[in-house]
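input.cif follows (mmCIF, C-alpha atoms (C1' of nucleotides)):
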data_coords
#
loop_
_atom_site.label_atom_id
_atom_site.label_comp_id
_atom_site.auth_asym_id
_atom_site.auth_seq_id
_atom_site.Cartn_x
_atom_site.Cartn_y
_atom_site.Cartn_z
CA MET N 1 -120.34 -91.75 35.88
CA LYS N 2 -116.63 -91.37 35.44
CA PHE N 3 -114.82 -88.40 36.90
CA SER N 4 -113.81 -85.75 34.43
CA ARG N 5 -110.88 -83.52 35.26
CA THR N 6 -112.15 -80.00 35.63
CA SER N 7 -110.44 -76.95 37.04
CA GLN N 8 -113.37 -76.46 39.39
CA ARG N 9 -112.90 -79.84 41.03
CA ARG N 10 -109.15 -79.45 41.18
CA VAL N 11 -109.30 -76.05 42.88
CA ILE N 12 -111.99 -77.12 45.36
CA LEU N 13 -109.92 -80.11 46.40
CA SER N 14 -106.63 -78.26 46.67
CA GLU N 15 -108.17 -75.44 48.70
CA LEU N 16 -109.87 -77.90 51.01
CA ARG N 17 -106.60 -79.74 51.55
CA LYS N 18 -104.90 -76.51 52.57
CA LEU N 19 -107.35 -75.97 55.43
CA LYS N 20 -107.52 -77.41 58.90
CA SER N 21 -110.77 -75.64 59.62
CA HIS N 22 -113.38 -78.11 58.33
CA PRO N 23 -115.13 -75.57 56.13
CA THR N 24 -118.75 -75.64 55.06
CA ALA N 25 -119.67 -75.76 51.37
CA ASP N 26 -120.34 -72.07 51.53
CA ASP N 27 -116.95 -71.34 53.10
CA LEU N 28 -115.28 -73.15 50.25
CA TYR N 29 -117.43 -71.34 47.72
CA THR N 30 -116.08 -68.05 49.05
CA ILE N 31 -112.48 -69.27 48.98
CA VAL N 32 -112.63 -70.89 45.57
CA ARG N 33 -114.23 -67.84 43.99
CA GLU N 34 -110.94 -66.00 44.44
CA LYS N 35 -109.42 -68.35 41.90
CA LEU N 36 -112.54 -69.08 39.84
CA PRO N 37 -114.85 -66.09 40.14
CA GLN N 38 -117.48 -67.66 37.88
CA ILE N 39 -117.94 -70.88 39.85
CA SER N 40 -121.42 -71.50 41.16
CA LEU N 41 -122.42 -72.71 44.59
CA GLY N 42 -124.11 -75.73 43.11
CA THR N 43 -120.85 -76.81 41.53
CA VAL N 44 -119.15 -76.65 44.92
CA TYR N 45 -121.88 -78.73 46.54
CA ARG N 46 -121.90 -81.27 43.74
CA ASN N 47 -118.15 -81.74 43.68
CA LEU N 48 -117.88 -82.03 47.44
CA ASP N 49 -120.59 -84.66 47.48
CA GLN N 50 -119.02 -86.57 44.63
CA MET N 51 -115.58 -86.53 46.19
CA ALA N 52 -116.99 -87.60 49.54
CA ALA N 53 -118.84 -90.47 47.87
CA ALA N 54 -115.61 -91.49 46.19
CA GLY N 55 -113.72 -91.38 49.49
CA ILE N 56 -111.40 -88.60 48.36
CA ILE N 57 -112.57 -86.32 51.16
CA GLN N 58 -114.69 -86.67 54.30
CA LYS N 59 -118.13 -85.21 54.81
CA LEU N 60 -118.80 -84.41 58.45
CA GLU N 61 -122.46 -84.63 59.32
CA LEU N 62 -122.08 -83.06 62.70
CA SER N 63 -125.07 -82.26 64.81
CA GLY N 64 -125.30 -78.66 63.79
CA ARG N 65 -127.03 -77.26 60.76
CA GLN N 66 -124.42 -77.11 58.02
CA LYS N 67 -122.37 -80.05 56.91
CA ARG N 68 -118.62 -79.67 56.92
CA PHE N 69 -115.84 -81.12 54.84
CA ASP N 70 -112.42 -82.46 55.71
CA GLY N 71 -109.57 -83.15 53.34
CA ASN N 72 -108.15 -85.64 55.82
CA VAL N 73 -109.78 -89.01 55.17
CA GLU N 74 -108.03 -90.77 58.04
CA LYS N 75 -110.33 -91.79 60.84
CA HIS N 76 -110.34 -89.13 63.48
CA TYR N 77 -112.74 -87.22 65.71
CA HIS N 78 -113.95 -83.67 66.12
CA MET N 79 -114.93 -81.19 68.77
CA ARG N 80 -117.39 -78.42 68.06
CA CYS N 81 -117.40 -75.18 69.99
CA PRO N 82 -120.99 -74.38 70.99
CA HIS N 83 -120.17 -70.69 71.09
CA CYS N 84 -118.48 -69.94 67.78
CA GLY N 85 -119.26 -73.14 65.88
CA ALA N 86 -115.63 -73.94 65.10
CA VAL N 87 -114.77 -77.59 64.56
CA LYS N 88 -111.37 -78.89 65.59
CA ASP N 89 -109.67 -82.24 65.36
CA VAL N 90 -109.41 -84.20 68.57
CA GLU N 91 -106.50 -86.40 69.52
CA ASN N 92 -106.38 -88.70 72.51
CA GLU N 93 -104.76 -92.09 72.75
CA ARG N 94 -107.59 -93.57 74.80
CA LEU N 95 -109.92 -93.21 71.84
CA ALA N 96 -108.29 -96.33 70.44
CA ASP N 97 -109.76 -98.27 73.37
CA VAL N 98 -113.14 -96.75 72.69
CA GLU N 99 -112.89 -97.80 69.06
CA ASN N 100 -112.08 -101.35 70.04
CA ILE N 101 -115.03 -101.64 72.37
CA LEU N 102 -117.40 -99.99 69.92
CA SER N 103 -116.34 -102.28 67.13
CA ASP N 104 -117.45 -105.20 69.31
CA VAL N 105 -120.65 -103.35 70.16
CA LEU N 106 -121.32 -102.92 66.46
CA ASP N 107 -121.19 -106.66 65.98
CA GLU N 108 -123.46 -107.31 68.93
CA LEU N 109 -125.98 -104.77 67.73
CA GLY N 110 -125.80 -105.72 64.09
CA ALA N 111 -124.94 -102.10 63.38
CA ASP N 112 -122.83 -100.77 60.53
CA SER N 113 -120.93 -97.85 61.99
CA PHE N 114 -120.64 -95.47 64.89
CA TRP N 115 -120.11 -91.76 65.14
CA ILE N 116 -118.51 -89.90 68.02
CA GLU N 117 -118.28 -86.16 68.39
CA PHE N 118 -117.33 -83.84 71.19
CA THR N 119 -118.59 -80.48 72.31
CA GLY N 120 -116.33 -78.03 74.05
CA HIS N 121 -115.42 -74.39 74.13
CA CYS N 122 -112.32 -73.39 72.24
CA LYS N 123 -109.75 -71.25 74.01
CA ASP N 124 -110.99 -67.92 72.75
CA CYS N 125 -114.63 -68.66 73.48
CA ASN N 126 -113.75 -69.84 76.95
CA LYS N 127 -112.21 -66.47 77.64
CA ALA N 128 -115.11 -64.67 76.03
CA GLU N 129 -117.72 -66.49 78.07
CA ALA N 130 -115.79 -65.93 81.25
CA GLY N 131 -115.96 -62.22 80.46
CA LEU N 132 -112.20 -61.92 80.04
CA VAL N 133 -112.26 -60.51 76.54
CA MET J 1 -139.58 -66.59 81.17
CA LYS J 2 -141.63 -68.80 83.44
CA PHE J 3 -143.54 -71.75 82.08
CA SER J 4 -147.25 -71.29 81.75
CA ARG J 5 -149.50 -74.31 81.80
CA THR J 6 -151.18 -74.62 78.44
CA SER J 7 -153.12 -77.47 76.91
CA GLN J 8 -150.82 -77.36 73.90
CA ARG J 9 -147.73 -78.03 75.96
CA ARG J 10 -149.46 -80.69 78.02
CA VAL J 11 -150.69 -82.61 74.97
CA ILE J 12 -147.36 -82.36 73.16
CA LEU J 13 -145.55 -83.76 76.17
CA SER J 14 -148.01 -86.56 76.85
CA GLU J 15 -148.08 -87.66 73.22
CA LEU J 16 -144.30 -87.62 73.05
CA ARG J 17 -144.07 -89.72 76.19
CA LYS J 18 -146.35 -92.34 74.66
CA LEU J 19 -143.99 -92.90 71.75
CA LYS J 20 -140.85 -94.94 71.44
CA SER J 21 -140.27 -93.77 67.92
CA HIS J 22 -138.28 -90.54 68.44
CA PRO J 23 -140.59 -88.40 66.33
CA THR J 24 -139.70 -85.24 64.47
CA ALA J 25 -141.46 -81.97 65.27
CA ASP J 26 -143.60 -82.52 62.22
CA ASP J 27 -144.55 -86.05 63.30
CA LEU J 28 -145.74 -84.66 66.61
CA TYR J 29 -147.60 -81.86 64.87
CA THR J 30 -149.61 -84.49 62.99
CA ILE J 31 -150.32 -86.50 66.13
CA VAL J 32 -151.20 -83.57 68.35
CA ARG J 33 -153.57 -82.10 65.78
CA GLU J 34 -155.92 -85.01 66.42
CA LYS J 35 -156.49 -83.63 69.90
CA LEU J 36 -155.94 -79.95 69.15
CA PRO J 37 -156.83 -79.36 65.51
CA GLN J 38 -156.03 -75.64 65.74
CA ILE J 39 -152.47 -76.01 66.98
CA SER J 40 -149.80 -74.51 64.77
CA LEU J 41 -146.50 -76.04 63.77
CA GLY J 42 -144.62 -73.14 65.31
CA THR J 43 -146.20 -73.90 68.68
CA VAL J 44 -144.98 -77.48 68.45
CA TYR J 45 -141.44 -76.37 67.61
CA ARG J 46 -141.39 -73.73 70.32
CA ASN J 47 -142.67 -76.04 73.04
CA LEU J 48 -140.32 -78.84 72.11
CA ASP J 49 -137.37 -76.48 72.20
CA GLN J 50 -138.45 -75.01 75.52
CA MET J 51 -138.95 -78.38 77.13
CA ALA J 52 -135.64 -79.62 75.81
CA ALA J 53 -133.92 -76.53 77.21
CA ALA J 54 -135.57 -77.21 80.55
CA GLY J 55 -134.45 -80.84 80.52
CA ILE J 56 -138.00 -82.20 80.44
CA ILE J 57 -137.37 -83.98 77.15
CA GLN J 58 -134.36 -84.76 74.98
CA LYS J 59 -133.61 -83.21 71.62
CA LEU J 60 -131.69 -85.55 69.38
CA GLU J 61 -129.49 -83.69 66.96
CA LEU J 62 -128.61 -86.72 64.94
CA SER J 63 -126.48 -86.36 61.89
CA GLY J 64 -129.35 -86.46 59.49
CA ARG J 65 -131.60 -83.64 58.49
CA GLN J 66 -134.48 -83.35 60.90
CA LYS J 67 -134.07 -83.17 64.63
CA ARG J 68 -135.90 -85.72 66.73
CA PHE J 69 -137.33 -85.70 70.22
CA ASP J 70 -137.32 -88.26 72.98
CA GLY J 71 -139.49 -88.27 76.08
CA ASN J 72 -136.89 -90.40 77.84
CA VAL J 73 -134.34 -88.08 79.40
CA GLU J 74 -132.18 -90.88 80.75
CA LYS J 75 -128.82 -91.11 79.06
CA HIS J 76 -129.01 -93.64 76.27
CA TYR J 77 -127.92 -94.06 72.67
CA HIS J 78 -129.55 -94.39 69.29
CA MET J 79 -129.17 -96.20 66.00
CA ARG J 80 -130.45 -94.74 62.77
CA CYS J 81 -131.43 -96.86 59.82
CA PRO J 82 -129.85 -95.38 56.69
CA HIS J 83 -132.61 -96.87 54.56
CA CYS J 84 -135.86 -95.83 56.24
CA GLY J 85 -134.54 -93.19 58.65
CA ALA J 86 -136.01 -94.86 61.74
CA VAL J 87 -134.23 -94.17 65.03
CA LYS J 88 -134.18 -96.85 67.69
CA ASP J 89 -132.77 -97.03 71.20
CA VAL J 90 -129.58 -99.02 71.63
CA GLU J 91 -128.74 -101.10 74.65
CA ASN J 92 -125.41 -102.76 75.31
CA GLU J 93 -123.67 -103.21 78.60
CA ARG J 94 -120.24 -102.42 77.18
CA LEU J 95 -121.34 -98.86 76.51
CA ALA J 96 -120.79 -98.23 80.21
CA ASP J 97 -117.08 -98.86 79.65
CA VAL J 98 -117.11 -96.49 76.73
CA GLU J 99 -118.75 -93.83 78.88
CA ASN J 100 -116.11 -94.22 81.55
CA ILE J 101 -113.26 -93.83 79.13
CA LEU J 102 -114.88 -90.91 77.35
CA SER J 103 -115.53 -89.12 80.59
CA ASP J 104 -111.78 -89.21 81.22
CA VAL J 105 -111.15 -88.12 77.65
CA LEU J 106 -113.45 -85.16 78.20
CA ASP J 107 -111.30 -84.03 81.11
CA GLU J 108 -108.11 -84.43 79.16
CA LEU J 109 -109.49 -82.50 76.20
CA GLY J 110 -111.20 -79.83 78.26
CA ALA J 111 -114.40 -80.77 76.47
CA ASP J 112 -117.93 -80.50 77.82
CA SER J 113 -119.76 -83.50 76.41
CA PHE J 114 -119.66 -86.28 73.88
CA TRP J 115 -122.20 -87.70 71.50
CA ILE J 116 -122.32 -91.24 70.19
CA GLU J 117 -124.66 -92.55 67.56
CA PHE J 118 -124.92 -95.71 65.54
CA THR J 119 -125.96 -96.45 62.00
CA GLY J 120 -127.47 -99.77 61.08
CA HIS J 121 -130.25 -101.30 59.06
CA CYS J 122 -133.35 -102.26 60.95
CA LYS J 123 -134.78 -105.73 60.44
CA ASP J 124 -137.28 -104.78 57.76
CA CYS J 125 -134.83 -102.72 55.76
CA ASN J 126 -132.27 -105.48 55.95
CA LYS J 127 -134.74 -107.79 54.29
CA ALA J 128 -135.74 -105.15 51.78
CA GLU J 129 -132.16 -104.45 50.73
CA ALA J 130 -131.40 -108.13 50.47
CA GLY J 131 -134.29 -108.33 47.99
CA LEU J 132 -136.32 -110.58 50.27
CA VAL J 133 -139.39 -108.39 50.43
"C1'" DC B 1 -112.18 -84.51 14.67
"C1'" DC B 2 -116.80 -86.03 16.44
"C1'" DG B 3 -120.43 -88.07 18.81
"C1'" DT B 4 -121.28 -89.17 23.68
"C1'" DT B 5 -120.89 -88.27 28.45
"C1'" DT B 6 -120.04 -85.28 32.07
"C1'" DT B 7 -119.90 -80.89 34.02
"C1'" DT B 8 -120.99 -76.31 34.38
"C1'" DA B 9 -123.31 -71.62 35.67
"C1'" DG B 10 -127.32 -69.81 36.77
"C1'" DT B 11 -131.61 -70.07 38.60
"C1'" DA B 12 -135.62 -72.10 40.74
"C1'" DA B 13 -137.48 -75.11 44.09
"C1'" DT B 14 -137.57 -77.63 48.40
"C1'" DG B 15 -137.73 -78.68 53.26
"C1'" DA B 16 -136.77 -77.75 57.96
"C1'" DT B 17 -136.72 -74.33 61.02
"C1'" DT B 18 -137.17 -69.69 62.92
"C1'" DA B 19 -139.10 -65.04 63.16
"C1'" DC B 20 -142.88 -61.90 63.30
"C1'" DT B 21 -147.32 -60.12 64.83
"C1'" DA B 22 -151.66 -59.23 66.53
"C1'" DT B 23 -154.53 -61.61 69.67
"C1'" DT B 24 -155.53 -64.63 73.52
"C1'" DT B 25 -154.40 -67.05 77.75
"C1'" DT B 26 -152.09 -67.56 82.00
"C1'" DT B 27 -150.25 -65.83 85.98
"C1'" DA B 28 -149.59 -63.57 90.24
"C1'" DA B 29 -150.45 -59.81 92.97
"C1'" DA B 30 -153.69 -56.27 94.65
"C1'" DT T 1 -162.35 -61.39 91.80
"C1'" DT T 2 -160.14 -57.76 89.13
"C1'" DT T 3 -156.41 -56.52 86.65
"C1'" DA T 4 -152.03 -55.41 84.71
"C1'" DA T 5 -147.89 -57.76 83.17
"C1'" DA T 6 -145.88 -61.82 81.23
"C1'" DA T 7 -146.12 -65.70 78.38
"C1'" DA T 8 -148.09 -68.27 74.78
"C1'" DT T 9 -150.82 -68.82 70.71
"C1'" DA T 10 -152.28 -69.35 65.53
"C1'" DG T 11 -151.20 -67.99 61.34
"C1'" DT T 12 -148.08 -66.37 58.21
"C1'" DA T 13 -143.77 -64.82 56.32
"C1'" DA T 14 -138.94 -65.20 56.13
"C1'" DT T 15 -134.52 -67.63 56.37
"C1'" DC T 16 -131.04 -70.89 55.52
"C1'" DA T 17 -128.89 -74.96 53.73
"C1'" DT T 18 -129.36 -77.88 50.24
"C1'" DT T 19 -131.04 -80.02 45.98
"C1'" DA T 20 -133.11 -79.97 41.40
"C1'" DC T 21 -133.45 -78.23 36.81
"C1'" DT T 22 -131.77 -76.64 32.33
"C1'" DA T 23 -129.49 -75.20 28.36
"C1'" DA T 24 -124.79 -74.46 27.16
"C1'" DA T 25 -119.90 -75.72 27.54
"C1'" DA T 26 -116.13 -78.74 28.37
"C1'" DA T 27 -113.96 -83.25 28.65
"C1'" DC T 28 -113.69 -87.75 27.04
"C1'" DG T 29 -112.60 -91.84 24.07
"C1'" DG T 30 -112.24 -93.69 19.81
#

Translate this file's structure into structure tokens.
Amino acid sequence: MKFSRTSQRRVILSELRKLKSHPTADDLYTIVREKLPQISLGTVYRNLDQMAAAGIIQKLELSGRQKRFDGNVEKHYHMRCPHCGAVKDVENERLADVENILSDVLDELGADSFWIEFTGHCKDCNKAEAGLV
Amino acid sequence: MKFSRTSQRRVILSELRKLKSHPTADDLYTIVREKLPQISLGTVYRNLDQMAAAGIIQKLELSGRQKRFDGNVEKHYHMRCPHCGAVKDVENERLADVENILSDVLDELGADSFWIEFTGHCKDCNKAEAGLV
DNA sequence: CCGTTTTTAGTAATGATTACTATTTTTAAA
DNA sequence: TTTAAAAATAGTAATCATTACTAAAAACGG
């Protein structure tokens, strides 16, 4: 199972890397079809899964329905808006402390990994739910 | 939308409360059918969702496929076995420190809530994957 | 080149969940 | 109690994300 170089895989990866929006497979299907109108949804799914398995991209199994993908493989965290479903990166220096503690907890539990995610309204949805828009 | 008292809801809740296994809706459907053979899967889903919305039970939206339910509404964390899919409660006193930090992080981010979950092989699967069973 | 491996497009199938509907049960008030 | 409105039910159909299948095409390595 060696990787072949195909235009499909190349376009999927380069489009994903352009985005900060953590798209779903279907989002990427829509975007990639502008460059490769014949591509099939299965090809998008397969390539995303393969690249995630190879560590080239990240697969976000957030607690919603659809999985999301992230071209940034550095360890970082995400916040999902419960209103519009958008997923944004989260940055906070105190998360380093959390990581340190949890890495000890992992050892004590005999666990392999931990997952943290946040829920919070994004700016626009905050306004919308307050009736300001 | 007031709650009516139905035998279906009562049995679903009491069976869930007997279990420590964090069953899926389908698991509960199987169990409850022993007492109420006519119950339909939709009724199980609907009641679980309603009770979760009312805070009577917990709905675990873990990062796998199926959602799971927990009769214990106290705040606690879970570990999922990547091999057999089992979900177990996690206890560790240092998680209180993590909660404290994350509650500050929530404020700083303007977020509403956080979710932590662990992945780790359970005893039996550890043996199985080591080829000992 | 050329045989082998990998990938593809297109389609079908799956699995979890939700929606629909006609009927029944529960509720609360008269 | 009777009774009308509200809520819930069983059974079924529909939906949505994802995975599986297949025959044809493309990429690979020698």

Near chain T, 8 Å: chain J residue rows, closest pairs, all atoms listed in the file, as JSON lines:
{"residue": "J:Met1", "atom": "CA", "partner": "T:DA7", "partner_atom": "C1'", "distance": 7.2}
{"residue": "J:Lys2", "atom": "CA", "partner": "T:DA7", "partner_atom": "C1'", "distance": 7.4}
{"residue": "J:Phe3", "atom": "CA", "partner": "T:DA7", "partner_atom": "C1'", "distance": 7.5}
{"residue": "J:Ser4", "atom": "CA", "partner": "T:DA7", "partner_atom": "C1'", "distance": 6.6}
{"residue": "J:Thr6", "atom": "CA", "partner": "T:DA8", "partner_atom": "C1'", "distance": 8.0}
{"residue": "J:Gln38", "atom": "CA", "partner": "T:DA10", "partner_atom": "C1'", "distance": 7.3}
{"residue": "J:Ile39", "atom": "CA", "partner": "T:DA10", "partner_atom": "C1'", "distance": 6.8}
{"residue": "J:Ser40", "atom": "CA", "partner": "T:DA10", "partner_atom": "C1'", "distance": 5.8}
{"residue": "J:Thr43", "atom": "CA", "partner": "T:DT9", "partner_atom": "C1'", "distance": 7.2}

The PyMOL selection byres ((chain B) within 9 of (chain J)) applied to the shown file, residues as an mmCIF file with C-alpha atoms (C1' of nucleotides), in the coordinates of the input:
data_model
loop_
_atom_site.group_PDB
_atom_site.id
_atom_site.type_symbol
_atom_site.label_atom_id
_atom_site.label_comp_id
_atom_site.auth_asym_id
_atom_site.auth_seq_id
_atom_site.Cartn_x
_atom_site.Cartn_y
_atom_site.Cartn_z
ATOM 1 C "C1'" DA B 16 -136.770 -77.750 57.960
ATOM 2 C "C1'" DT B 17 -136.720 -74.330 61.020
ATOM 3 C "C1'" DT B 18 -137.170 -69.690 62.920
ATOM 4 C "C1'" DT B 25 -154.400 -67.050 77.750
ATOM 5 C "C1'" DT B 26 -152.090 -67.560 82.000
ATOM 6 C "C1'" DT B 27 -150.250 -65.830 85.980
#

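Residue selection for this entry, given the PyMOL selection byres ((chain N) within 8 of (chain J)), comprises N:Glu61, N:Leu62, N:Ser63, N:Gly64, N:Met79, N:Val90, N:Asn92, N:Arg94, N:Leu95, N:Val98, N:Ile101, N:Leu102, N:Val105, N:Leu109, N:Gly110, N:Ala111, N:Asp112, N:Ser113, N:Phe114, N:Trp115, N:Ile116, N:Glu117, N:Phe118, N:Thr119, N:Gly120, N:His121.
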
Straight-line distance linking atom CA of N:Pro23 with atom CA of N:Asp49, stated in Å to one decimal: 13.7 Å

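On the file presented, the PyMOL selection byres ((chain N and resi 59) around 6) picks out Ala52, Gln58, Leu60, Arg68 and Phe69 of chain N.
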
Build an axis-aligned box that encloses every atom of stretch 5-12 of chain J listed in the file, pad it by 6 Å on each side, and report its centre and edge lengths in Å to one decimal, as AutoDock Vina command-line options.
--center_x -150.2 --center_y -78.5 --center_z 77.5 --size_x 17.8 --size_y 20.3 --size_z 20.6

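The spacing separating atom CA of N:Leu16 from atom CA of N:Leu48 amounts to 9.7 Å.
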
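When atom CA of J:Arg9 is paired with atom CA of J:Glu34, their separation reads 14.4 Å.
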
Closest of N:Leu28, N:Leu41, N:Cys84, N:Ala54 to B:DT8 - atom-to-atom distances counting all atoms listed in the file: N:Leu41
